[in-house]
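Q: So here's final-v2.cif, just mmCIF, C-alpha atoms and all ligand atoms:
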```cif
data_my_file
#
loop_
_atom_site.label_atom_id
_atom_site.label_comp_id
_atom_site.auth_asym_id
_atom_site.auth_seq_id
_atom_site.Cartn_x
_atom_site.Cartn_y
_atom_site.Cartn_z
CA LEU A 1 0.00 0.00 0.00
CA GLY A 2 2.79 2.39 0.94
CA ALA A 3 4.57 1.64 -2.30
CA LYS A 4 1.45 2.37 -4.37
CA ILE A 5 0.79 5.66 -2.61
CA ASN A 6 4.43 6.61 -3.03
CA GLU A 7 4.08 5.82 -6.71
CA ALA A 8 1.20 8.30 -6.87
CA PHE A 9 3.33 10.91 -5.11
CA ARG A 10 6.15 10.23 -7.56
CA LYS A 11 3.81 10.83 -10.47
CA LEU A 12 2.77 14.07 -8.82
CA SER A 13 6.38 15.21 -8.46
CA LYS A 14 6.96 14.73 -12.20
CA GLU A 15 4.08 17.00 -13.23
CA SER A 16 5.15 20.43 -14.39
CA ASP A 17 1.77 22.01 -13.88
CA ILE A 18 -0.84 20.90 -11.40
CA ASP A 19 -4.51 21.43 -12.06
CA GLU A 20 -7.75 19.86 -10.92
CA LYS A 21 -7.32 17.05 -13.46
CA VAL A 22 -3.91 16.04 -12.15
CA LEU A 23 -5.20 16.09 -8.59
CA ASP A 24 -8.13 13.86 -9.56
CA ALA A 25 -5.81 11.38 -11.26
CA ILE A 26 -3.53 11.22 -8.21
CA LEU A 27 -6.49 10.77 -5.90
CA LYS A 28 -7.84 8.01 -8.09
CA ASP A 29 -4.55 6.11 -7.78
CA ILE A 30 -4.51 6.57 -4.02
CA CYS A 31 -8.15 5.49 -3.62
CA THR A 32 -7.58 2.38 -5.75
CA ALA A 33 -4.58 1.50 -3.59
CA LEU A 34 -6.66 1.87 -0.43
CA LEU A 35 -9.54 -0.19 -1.80
CA THR A 36 -7.26 -3.04 -2.86
CA SER A 37 -5.89 -2.98 0.69
CA ASP A 38 -9.39 -3.65 2.01
CA VAL A 39 -10.14 -0.20 3.33
CA ASN A 40 -13.89 0.37 3.49
CA VAL A 41 -15.30 2.13 0.43
CA MET A 42 -17.15 4.73 2.50
CA ARG A 43 -13.95 5.65 4.32
CA VAL A 44 -12.10 5.94 1.01
CA ARG A 45 -14.77 8.23 -0.40
CA GLU A 46 -14.58 10.40 2.71
CA LEU A 47 -10.83 10.67 2.34
CA ARG A 48 -11.11 11.73 -1.29
CA ASP A 49 -13.80 14.31 -0.53
CA ASN A 50 -11.81 15.72 2.37
CA VAL A 51 -8.69 16.12 0.25
CA LYS A 52 -10.69 17.81 -2.49
CA LYS A 53 -12.21 20.16 0.06
CA SER A 54 -8.89 21.02 1.70
CA VAL A 55 -6.94 21.64 -1.47
CA ASN A 56 -7.87 24.68 -3.47
CA ILE A 57 -5.70 24.45 -6.58
CA GLU A 58 -6.29 28.01 -7.80
CA GLU A 59 -5.32 29.62 -4.54
CA LEU A 60 -2.11 27.69 -4.06
CA GLY A 61 0.19 29.55 -6.44
CA ALA A 62 3.47 27.95 -7.49
CA THR A 63 3.56 24.31 -8.63
CA ALA A 64 6.11 23.32 -6.00
CA ASN A 65 3.85 24.63 -3.28
CA LYS A 66 0.86 22.77 -4.70
CA LYS A 67 2.76 19.50 -4.58
CA ARG A 68 3.74 20.02 -0.98
CA VAL A 69 0.21 20.96 0.07
CA ILE A 70 -1.35 17.97 -1.67
CA GLU A 71 1.14 15.56 -0.11
CA LYS A 72 0.60 17.03 3.32
CA VAL A 73 -3.20 16.93 3.08
CA VAL A 74 -3.14 13.32 1.85
CA PHE A 75 -0.79 12.41 4.70
CA GLU A 76 -3.10 14.01 7.27
CA GLU A 77 -6.15 12.27 5.81
CA LEU A 78 -4.38 8.89 5.88
CA CYS A 79 -3.59 9.53 9.54
CA ASN A 80 -7.24 10.35 10.25
CA LEU A 81 -8.27 7.12 8.56
CA VAL A 82 -6.37 4.99 11.09
CA ASP A 83 -6.69 7.28 14.10
CA PRO A 84 -9.70 6.52 16.31
CA GLY A 85 -9.06 9.83 18.07
CA VAL A 86 -9.47 8.24 21.50
CA GLN A 87 -6.89 8.27 24.28
CA ALA A 88 -5.97 4.71 25.30
CA TRP A 89 -5.77 3.47 28.87
CA GLN A 90 -2.31 3.42 30.49
CA PRO A 91 -1.23 1.50 33.60
CA LYS A 92 -0.71 3.72 36.62
CA LYS A 93 2.34 3.65 38.86
CA GLY A 94 1.67 3.05 42.54
CA LYS A 95 -1.50 1.17 41.76
CA PHE A 96 -2.42 -2.48 41.12
CA ASN A 97 -3.44 -2.57 37.43
CA VAL A 98 -5.62 -5.42 36.18
CA ILE A 99 -5.76 -6.13 32.45
CA MET A 100 -8.00 -8.76 30.87
CA THR A 101 -7.75 -9.95 27.26
CA VAL A 102 -10.70 -11.15 25.19
CA GLY A 103 -11.06 -12.39 21.63
CA LEU A 104 -11.90 -15.36 19.44
CA GLN A 105 -9.91 -18.59 19.61
CA GLY A 106 -6.75 -18.35 17.52
CA SER A 107 -6.79 -14.56 17.40
CA GLY A 108 -3.49 -14.48 19.26
CA LYS A 109 -4.57 -13.70 22.85
CA THR A 110 -2.12 -15.97 24.65
CA THR A 111 0.77 -14.89 22.45
CA THR A 112 -0.19 -11.25 22.91
CA CYS A 113 -0.39 -11.61 26.71
CA THR A 114 3.25 -12.66 26.89
CA LYS A 115 4.28 -9.99 24.38
CA LEU A 116 2.56 -7.31 26.47
CA ALA A 117 3.95 -8.67 29.72
CA SER A 118 7.43 -8.70 28.26
CA PHE A 119 6.96 -5.16 26.91
CA TYR A 120 5.98 -3.80 30.33
CA HIS A 121 8.62 -5.93 32.05
CA ARG A 122 11.30 -4.30 29.90
CA LYS A 123 9.92 -0.93 30.91
CA GLY A 124 10.50 -1.88 34.55
CA TRP A 125 6.99 -2.88 35.67
CA LYS A 126 6.47 -5.80 38.06
CA ILE A 127 4.06 -7.86 36.02
CA GLY A 128 2.42 -11.30 36.21
CA LEU A 129 0.29 -13.48 33.94
CA VAL A 130 -2.85 -15.47 34.78
CA CYS A 131 -4.21 -18.25 32.57
CA ALA A 132 -7.99 -18.29 32.91
CA ASP A 133 -8.49 -20.43 29.81
CA THR A 134 -9.90 -23.80 30.86
CA PHE A 135 -11.66 -24.34 27.55
CA ARG A 136 -8.75 -25.14 25.28
CA ALA A 137 -6.68 -28.20 26.12
CA GLY A 138 -3.08 -27.29 26.79
CA ALA A 139 -3.84 -23.61 27.27
CA PHE A 140 -2.06 -23.43 30.62
CA ASP A 141 0.99 -25.26 29.25
CA GLN A 142 1.19 -22.79 26.36
CA LEU A 143 1.08 -19.77 28.67
CA LYS A 144 3.49 -21.41 31.10
CA GLN A 145 5.99 -22.07 28.31
CA ASN A 146 5.75 -18.54 26.91
CA ALA A 147 5.96 -16.94 30.34
CA THR A 148 8.94 -19.04 31.42
CA LYS A 149 10.84 -18.14 28.26
CA ALA A 150 10.16 -14.46 28.86
CA HIS A 151 10.91 -14.68 32.60
CA ILE A 152 7.42 -13.57 33.59
CA PRO A 153 5.78 -15.00 36.76
CA TYR A 154 2.51 -16.80 36.02
CA TYR A 155 -0.48 -18.38 37.68
CA GLY A 156 -2.81 -21.15 36.50
CA SER A 157 -4.22 -24.55 37.37
CA TYR A 158 -4.44 -28.01 35.86
CA ASN A 159 -7.27 -29.07 38.17
CA GLU A 160 -9.63 -26.15 38.56
CA ALA A 161 -12.21 -26.09 35.75
CA ASP A 162 -13.82 -22.77 36.58
CA PRO A 163 -12.09 -19.90 34.76
CA VAL A 164 -13.73 -17.32 37.04
CA GLN A 165 -12.22 -18.99 40.10
CA ILE A 166 -8.73 -19.14 38.57
CA ALA A 167 -8.89 -15.53 37.41
CA ARG A 168 -9.90 -14.38 40.87
CA GLU A 169 -7.23 -16.45 42.63
CA GLY A 170 -4.50 -15.35 40.24
CA VAL A 171 -5.34 -11.68 40.52
CA GLU A 172 -5.54 -11.95 44.32
CA LYS A 173 -2.16 -13.73 44.52
CA PHE A 174 -0.33 -11.10 42.46
CA LYS A 175 -2.05 -8.31 44.35
CA GLN A 176 -0.83 -9.69 47.68
CA GLU A 177 2.66 -10.05 46.28
CA LYS A 178 2.64 -6.34 45.45
CA PHE A 179 2.76 -6.73 41.69
CA GLU A 180 1.99 -3.61 39.62
CA ILE A 181 0.27 -5.20 36.63
CA VAL A 182 -1.49 -8.50 36.11
CA ILE A 183 -2.70 -9.69 32.71
CA VAL A 184 -5.49 -12.27 32.65
CA ASP A 185 -5.62 -14.47 29.54
CA THR A 186 -9.08 -15.85 28.80
CA SER A 187 -10.42 -18.54 26.50
CA GLY A 188 -11.94 -17.91 23.10
CA ARG A 189 -14.43 -19.68 20.89
CA HIS A 190 -14.48 -20.13 17.16
CA LYS A 191 -17.37 -17.73 16.73
CA GLN A 192 -18.91 -14.86 18.59
CA GLU A 193 -21.30 -16.90 20.69
CA SER A 194 -23.24 -16.31 23.87
CA GLN A 195 -21.27 -18.91 25.84
CA LEU A 196 -18.10 -16.92 25.21
CA PHE A 197 -19.68 -13.60 26.01
CA ASP A 198 -21.20 -15.03 29.23
CA GLU A 199 -17.85 -16.32 30.38
CA MET A 200 -16.19 -13.00 29.55
CA THR A 201 -18.78 -11.08 31.53
CA GLN A 202 -18.49 -13.37 34.54
CA ILE A 203 -14.71 -13.08 34.67
CA SER A 204 -14.91 -9.35 34.15
CA ASN A 205 -17.44 -8.96 36.97
CA SER A 206 -15.27 -11.04 39.25
CA ILE A 207 -11.89 -9.34 38.73
CA ASP A 208 -13.12 -5.87 37.76
CA PRO A 209 -10.36 -5.13 35.20
CA ASP A 210 -8.98 -1.61 34.71
CA ASN A 211 -8.64 -2.32 31.02
CA VAL A 212 -10.16 -4.96 28.74
CA ILE A 213 -8.01 -5.57 25.68
CA PHE A 214 -9.72 -7.00 22.65
CA VAL A 215 -7.28 -9.09 20.60
CA MET A 216 -8.21 -9.46 16.96
CA ASP A 217 -6.68 -11.21 13.98
CA GLY A 218 -5.66 -8.38 11.66
CA THR A 219 -5.84 -10.51 8.54
CA ILE A 220 -9.64 -10.58 8.47
CA GLY A 221 -9.74 -7.26 6.62
CA GLN A 222 -13.13 -5.67 6.14
CA SER A 223 -15.02 -7.82 8.66
CA ALA A 224 -12.84 -6.35 11.41
CA GLU A 225 -15.35 -3.57 11.97
CA ALA A 226 -18.27 -5.93 12.65
CA GLN A 227 -16.24 -8.13 14.99
CA ALA A 228 -14.80 -5.21 16.94
CA THR A 229 -18.29 -3.76 17.34
CA ALA A 230 -19.71 -7.08 18.58
CA PHE A 231 -17.06 -7.40 21.28
CA LYS A 232 -17.39 -3.76 22.22
CA ASP A 233 -21.12 -4.23 22.75
CA ALA A 234 -20.62 -7.39 24.83
CA VAL A 235 -17.82 -6.23 27.18
CA ASN A 236 -16.36 -2.90 28.05
CA VAL A 237 -13.48 -2.99 25.54
CA GLY A 238 -10.86 -0.39 26.50
CA SER A 239 -8.30 -1.00 23.78
CA VAL A 240 -7.46 -3.24 20.86
CA VAL A 241 -4.44 -5.25 19.74
CA LEU A 242 -4.39 -6.30 16.10
CA THR A 243 -2.30 -9.42 15.51
CA LYS A 244 -0.67 -11.06 12.50
CA MET A 245 0.11 -7.75 10.86
CA ASP A 246 3.48 -9.09 9.69
CA GLY A 247 3.84 -8.59 5.99
CA HIS A 248 0.11 -8.40 5.60
CA ALA A 249 -0.64 -6.16 2.66
CA LYS A 250 -4.23 -5.64 3.78
CA GLY A 251 -3.35 -4.56 7.30
CA GLY A 252 -4.55 -1.02 6.64
CA GLY A 253 -8.04 -2.40 6.12
CA ALA A 254 -8.27 -3.87 9.61
CA ILE A 255 -6.73 -0.82 11.25
CA SER A 256 -9.08 1.62 9.57
CA ALA A 257 -12.05 -0.65 10.27
CA VAL A 258 -11.25 -0.80 13.97
CA ALA A 259 -10.51 2.92 14.10
CA ALA A 260 -14.01 3.48 12.73
CA THR A 261 -15.46 1.86 15.87
CA LYS A 262 -13.57 4.48 17.93
CA SER A 263 -11.59 1.81 19.77
CA PRO A 264 -8.00 2.86 20.36
CA ILE A 265 -5.53 0.38 18.85
CA ILE A 266 -2.60 0.20 21.26
CA PHE A 267 -0.34 -2.40 19.68
CA ILE A 268 0.01 -4.46 16.55
CA GLY A 269 1.47 -7.96 16.55
CA THR A 270 4.03 -8.50 13.83
CA GLY A 271 5.13 -12.10 14.29
CA GLU A 272 5.07 -15.16 16.50
CA HIS A 273 7.97 -14.19 18.74
CA VAL A 274 7.73 -12.35 22.00
CA HIS A 275 9.37 -9.18 20.70
CA ASP A 276 7.19 -9.02 17.59
CA ILE A 277 4.92 -6.32 18.88
CA GLU A 278 4.84 -2.63 18.03
CA LYS A 279 3.19 0.24 19.78
CA PHE A 280 0.58 1.65 17.49
CA SER A 281 -0.08 5.27 16.84
CA ALA A 282 -1.46 6.75 13.67
CA ARG A 283 1.23 9.20 12.56
CA PRO A 284 4.30 6.95 12.95
CA PHE A 285 2.36 4.11 11.34
CA ILE A 286 1.50 6.14 8.24
CA SER A 287 4.94 7.70 8.19
CA LYS A 288 6.55 4.26 8.23
CA MET A 289 4.15 2.97 5.63
CA LEU A 290 5.19 5.76 3.29
CA GLY A 291 8.86 5.09 3.95
CA MET A 292 9.35 8.25 5.97
CA GLY A 293 10.65 6.33 9.01
CA ASP A 294 9.77 6.35 12.68
CA ILE A 295 12.61 7.86 14.67
CA ALA A 296 10.61 8.03 17.90
CA GLY A 297 9.84 4.32 17.59
CA LEU A 298 13.45 3.48 16.92
CA VAL A 299 14.67 5.53 19.89
CA ASP A 300 12.06 3.79 22.07
CA ALA A 301 13.13 0.35 20.89
CA VAL A 302 16.80 1.07 21.49
CA LYS A 303 16.05 2.51 24.94
CA ASP A 304 14.22 -0.71 25.83
CA LEU A 305 17.42 -2.63 25.27
CA ARG A 306 18.96 -0.95 28.36
CA ILE A 307 22.47 -1.14 27.00
CA GLU A 308 23.71 0.73 30.07
CA ASP A 309 22.58 -2.23 32.22
CA ASN A 310 25.21 -4.45 30.65
CA LYS A 311 27.95 -3.74 33.21
CA ASP A 312 30.62 -5.96 31.62
CA LEU A 313 30.20 -4.29 28.26
CA MET A 314 30.25 -0.78 29.70
CA GLN A 315 33.34 -1.58 31.74
CA ASN A 316 35.13 -3.13 28.79
CA LEU A 317 34.20 -0.30 26.47
CA SER A 318 35.47 2.29 28.92
CA LYS A 319 38.81 0.48 28.84
CA GLY A 320 38.76 0.31 25.07
CA ILE A 321 38.17 -3.44 25.05
CA PHE A 322 35.62 -5.12 22.80
CA THR A 323 35.64 -8.89 23.17
CA LEU A 324 33.99 -11.59 21.12
CA LYS A 325 31.54 -11.99 23.96
CA ASP A 326 30.70 -8.29 23.79
CA LEU A 327 30.11 -8.66 20.08
CA ARG A 328 27.87 -11.64 20.77
CA ASP A 329 25.88 -9.63 23.34
CA GLN A 330 25.55 -6.74 20.89
CA LEU A 331 24.21 -9.06 18.20
CA GLU A 332 21.72 -10.49 20.65
CA MET A 333 20.48 -7.00 21.46
CA ILE A 334 20.10 -5.99 17.85
CA MET A 335 18.12 -9.14 17.20
CA LYS A 336 15.79 -8.25 20.07
CA LEU A 337 14.73 -5.23 18.04
CA GLY A 338 13.13 -7.59 15.58
CA SER A 339 13.78 -8.46 11.98
CA LEU A 340 16.24 -6.41 9.96
CA ASN A 341 13.38 -5.25 7.75
CA LYS A 342 11.53 -3.89 10.74
CA ILE A 343 14.55 -1.91 11.89
CA ALA A 344 15.15 -0.59 8.37
CA GLY A 345 11.53 0.60 8.21
CA MET A 346 12.09 2.85 11.21
CA ILE A 347 15.06 4.66 9.71
CA PRO A 348 13.91 7.76 7.82
CA GLY A 349 15.43 8.29 4.42
CA LEU A 350 16.26 4.64 3.98
CA PRO A 351 14.42 3.76 0.79
CA GLN A 352 11.70 1.16 1.31
CA ASP A 353 13.49 -1.30 -0.90
CA ALA A 354 16.87 -0.73 0.77
CA LEU A 355 16.91 -4.34 1.90
CA LYS A 356 15.57 -5.64 -1.36
CA GLY A 357 17.90 -8.20 -2.83
CA MET A 358 19.06 -8.85 0.68
CA ASP A 359 16.77 -11.36 2.27
CA SER A 360 16.01 -10.04 5.74
CA GLU A 361 15.16 -13.48 7.01
CA ALA A 362 18.38 -14.93 5.68
CA GLY A 363 20.27 -12.04 7.29
CA THR A 364 18.61 -12.67 10.61
CA LYS A 365 19.36 -16.37 10.29
CA GLN A 366 23.01 -15.63 9.61
CA LEU A 367 23.20 -13.49 12.76
CA LYS A 368 21.68 -16.38 14.70
CA GLN A 369 24.35 -18.70 13.29
CA PHE A 370 27.06 -16.33 14.51
CA MET A 371 25.50 -16.40 17.94
CA CYS A 372 25.53 -20.21 17.99
CA ILE A 373 29.18 -20.22 17.05
CA PHE A 374 29.97 -17.75 19.82
CA ASP A 375 27.93 -19.75 22.30
CA SER A 376 29.88 -22.90 21.52
CA MET A 377 33.14 -21.21 22.50
CA THR A 378 34.54 -21.35 26.00
CA GLU A 379 35.92 -18.34 27.80
CA LYS A 380 39.69 -18.09 27.90
CA GLY A 381 41.13 -19.39 31.15
CA LYS A 382 38.06 -21.39 32.07
P1 LIG A 401 -5.43 -17.54 21.19
O1 LIG A 401 -6.23 -18.76 20.89
O2 LIG A 401 -6.23 -16.30 20.97
O3 LIG A 401 -4.81 -17.57 22.55
O4 LIG A 401 -4.24 -17.47 20.11
P2 LIG A 401 -2.72 -17.90 20.27
O5 LIG A 401 -1.98 -16.89 21.07
O6 LIG A 401 -2.61 -19.30 20.71
O7 LIG A 401 -2.22 -17.73 18.76
C1 LIG A 401 -2.74 -18.49 17.68
C2 LIG A 401 -1.68 -18.60 16.60
O8 LIG A 401 -1.40 -17.31 16.03
C3 LIG A 401 -0.35 -19.09 17.13
O9 LIG A 401 0.20 -20.00 16.21
C4 LIG A 401 0.50 -17.85 17.21
O10 LIG A 401 1.88 -18.13 17.07
C5 LIG A 401 -0.02 -17.03 16.07
N1 LIG A 401 0.17 -15.57 16.24
C6 LIG A 401 -0.22 -14.80 17.27
N2 LIG A 401 0.10 -13.50 17.07
C7 LIG A 401 0.75 -13.45 15.87
C8 LIG A 401 1.33 -12.40 15.08
O11 LIG A 401 1.33 -11.20 15.43
N3 LIG A 401 1.89 -12.77 13.89
C9 LIG A 401 1.91 -14.06 13.47
N4 LIG A 401 2.46 -14.33 12.28
N5 LIG A 401 1.35 -15.07 14.16
C10 LIG A 401 0.78 -14.78 15.34
MG MG A 402 -5.15 -18.81 24.15
#
```
Since I need it in another form, could you write the structure as structure tokens?
A:
Amino acid sequence: LGAKINEAFRKLSKESDIDEKVLDAILKDICTALLTSDVNVMRVRELRDNVKKSVNIEELGATANKKRVIEKVVFEELCNLVDPGVQAWQPKKGKFNVIMTVGLQGSGKTTTCTKLASFYHRKGWKIGLVCADTFRAGAFDQLKQNATKAHIPYYGSYNEADPVQIAREGVEKFKQEKFEIVIVDTSGRHKQESQLFDEMTQISNSIDPDNVIFVMDGTIGQSAEAQATAFKDAVNVGSVVLTKMDGHAKGGGAISAVAATKSPIIFIGTGEHVHDIEKFSARPFISKMLGMGDIAGLVDAVKDLRIEDNKDLMQNLSKGIFTLKDLRDQLEMIMKLGSLNKIAGMIPGLPQDALKGMDSEAGTKQLKQFMCIFDSMTEKGK
């Protein structure tokens, strides 16, 4: 989608004189790109009308100025398309924050719970996970495995069959242990059905969450709006996480559909691994999509790595030493940022196809191989 819109902008930059006809042609290209990406036709029409209203060709003067104004107005309208314009809930320091996730089976709730927990953990919050899914076989094992890998404390039960009971016990346990955030993972069903909504309501009544996060599969495109609305009507949805947005060309469709329900999207899932999650906000998202980078996001991601916490490295560096082990640790950190493509997307000015020809996955794999080689070495003198 970004590439197609950029193509339209490129066409615009080649025009020597810009009149109503040129503007219409550009808008047509942009609208077609949005429609093929599953953005709702009404929303696309609104965007076109708004651009037409905001841009008054005759009054704009020089051609260069016209180009800039058109690009800026289109950019703003694209932001509006994916911006629900609602402030999302944030956990509060000095308080016990209870988060509950809801969503259909397979939407990515359990995966998202660990991703979120790990995200807050890296930011220094004391956070725990509760598995209140007694519907799906192996649900507790899945959460346990994820949580253990990410070093997040968890609570669940193999014997108790009542999800309300487990949710209550888990929340109570973490509260007593002075945790700051607890995330309760719930079960899903294949469809939006009353049994699921009943269970959700019972758990919600029992633990009284500060925020209910609706987790939705982002690949469902246009139907995202109907599903988000159904969940919003059934429980008090505070925010939304859209999953499986990795390399999904139609992702813009789901985002704009959810934005239309006025639910704030807080994160998007971009892969199966614990670090494959990105904070969502409209402007950086559109900026990245158009290849304009996301410096704030990059700075945030690098800050999360807490390089200064690596005492050995800091000590060595201050002495002008950089060992193989330091190199290994550095590689590990870079890989925590995500795939090479993802990092490249955050760097402004780096053309979108900068990594074309270089397979990002192969690159990442090669880095992993280096790490294995380093890990198989023994330290000198040991
Ligand atoms: P749940 O039933 O809602 O708890 O869903 P799960 O967390 O078990 O996820 C279902 C499947 O989707 C698993 O195979 C996950 O690895 C996968 N998944 C979850 N989030 C993402 C994502 O952001 N990207 C990709 N590619 N897969 C995901
Ligand atoms: Mg699950």
Q: Kindly work out which residues sit at most 7 Å from ligand MG 402 (chain A), using only C-alpha atoms and all ligand atoms, and give the list as a list in words.
A: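 Checking only C-alpha atoms and all ligand atoms against ligand MG 402 (chain A) at 7 Å gives Gln105, Gly106, Gly108, Lys109, Thr110, Asp133, Ala139, Asp185, Thr186, Ser187 and Gly188 of chain A.
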Q: Give the answer as one residue: which of A:Leu34, A:Leu78, A:Met314, A:Ala234 has the shortest atom-to-atom distance to Asp329 of chain A, using all atoms listed in the file?
A: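 Looking at the shortest contact to Asp329 of chain A, the residue is A:Met314.
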Q: Which residue gives the smallest distance to ligand LIG 401 (chain A) among A:Met245, A:Met377, A:Leu290, A:Ala254, with all atoms listed in the file counted?
A: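 Comparing A:Met245, A:Met377, A:Leu290, A:Ala254 against ligand LIG 401 (chain A), the winner is A:Met245.
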Q: Please check which protein, DNA or RNA residues sit within 9 Å of ligand LIG 401 (chain A), counting only C-alpha atoms and all ligand atoms, and write them as a ChimeraX atom specification.
A: /A:102-114,133,136,139,142-143,185-189,215-218,242-247,268-273,276-277
Q: Around the point (-10.6, -25.4, 30.0), in the coordinates given by the file, pick out the residues reaching within 9 Å, counting only C-alpha atoms, and return them as a list in words.
A: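 Residues with an atom at most 9 Å from (-10.6, -25.4, 30.0): Ala132, Asp133, Thr134, Phe135, Arg136, Ala137, Gly138, Ala139, Phe140, Tyr158, Glu160, Ala161, Asp162, Pro163 and Ser187 of chain A.
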Q: So which residues touch segment 59-68 of chain A within 7 Å, counting all atoms listed in the file, skipping near sequence neighbours fewer than 3 positions away, as a list of chain:residue names?
A: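 Once the adjacent positions are removed, what remains is A:Leu12, A:Ser13, A:Asp17, A:Ile18, A:Asn56, A:Glu71, A:Lys72.
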Q: Have a look at A:Ala260, A:Val240, A:Met335, A:Leu367 and name the one nearest to Leu81 of chain A; count all atoms listed in the file.
A: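 Under the stated criterion, the closest residue is A:Ala260.
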Q: So that I can check the surroundings of segment 209-211 of chain A, please list as a ChimeraX atom specification every protein, DNA and RNA residue that reaches within 6 Å of it, counting all atoms listed in the file and ignoring chain neighbours fewer than 3 positions away.
A: /A:98-99,238
Q: Put those residues in a file: C-alpha atoms, as a PDB file, in the coordinates of the input.
A:
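result.pdb written:
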```pdb
ATOM      1  CA  VAL A  98      -5.620  -5.420  36.180  1.00  0.00           C
ATOM      2  CA  ILE A  99      -5.760  -6.130  32.450  1.00  0.00           C
ATOM      3  CA  GLY A 238     -10.860  -0.390  26.500  1.00  0.00           C
TER       4      GLY A 238
END
```
Q: Quick one, how far is atom CA of Glu332 of chain A from atom CA of Tyr120 of chain A?
A: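 These atoms are spaced 19.7 Å apart.
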Q: Using all atoms listed in the file, which residue out of A:Thr201, A:Gln222, A:Gln369, A:Asn146 lies closest to Val39 of chain A?
A: A:Gln222
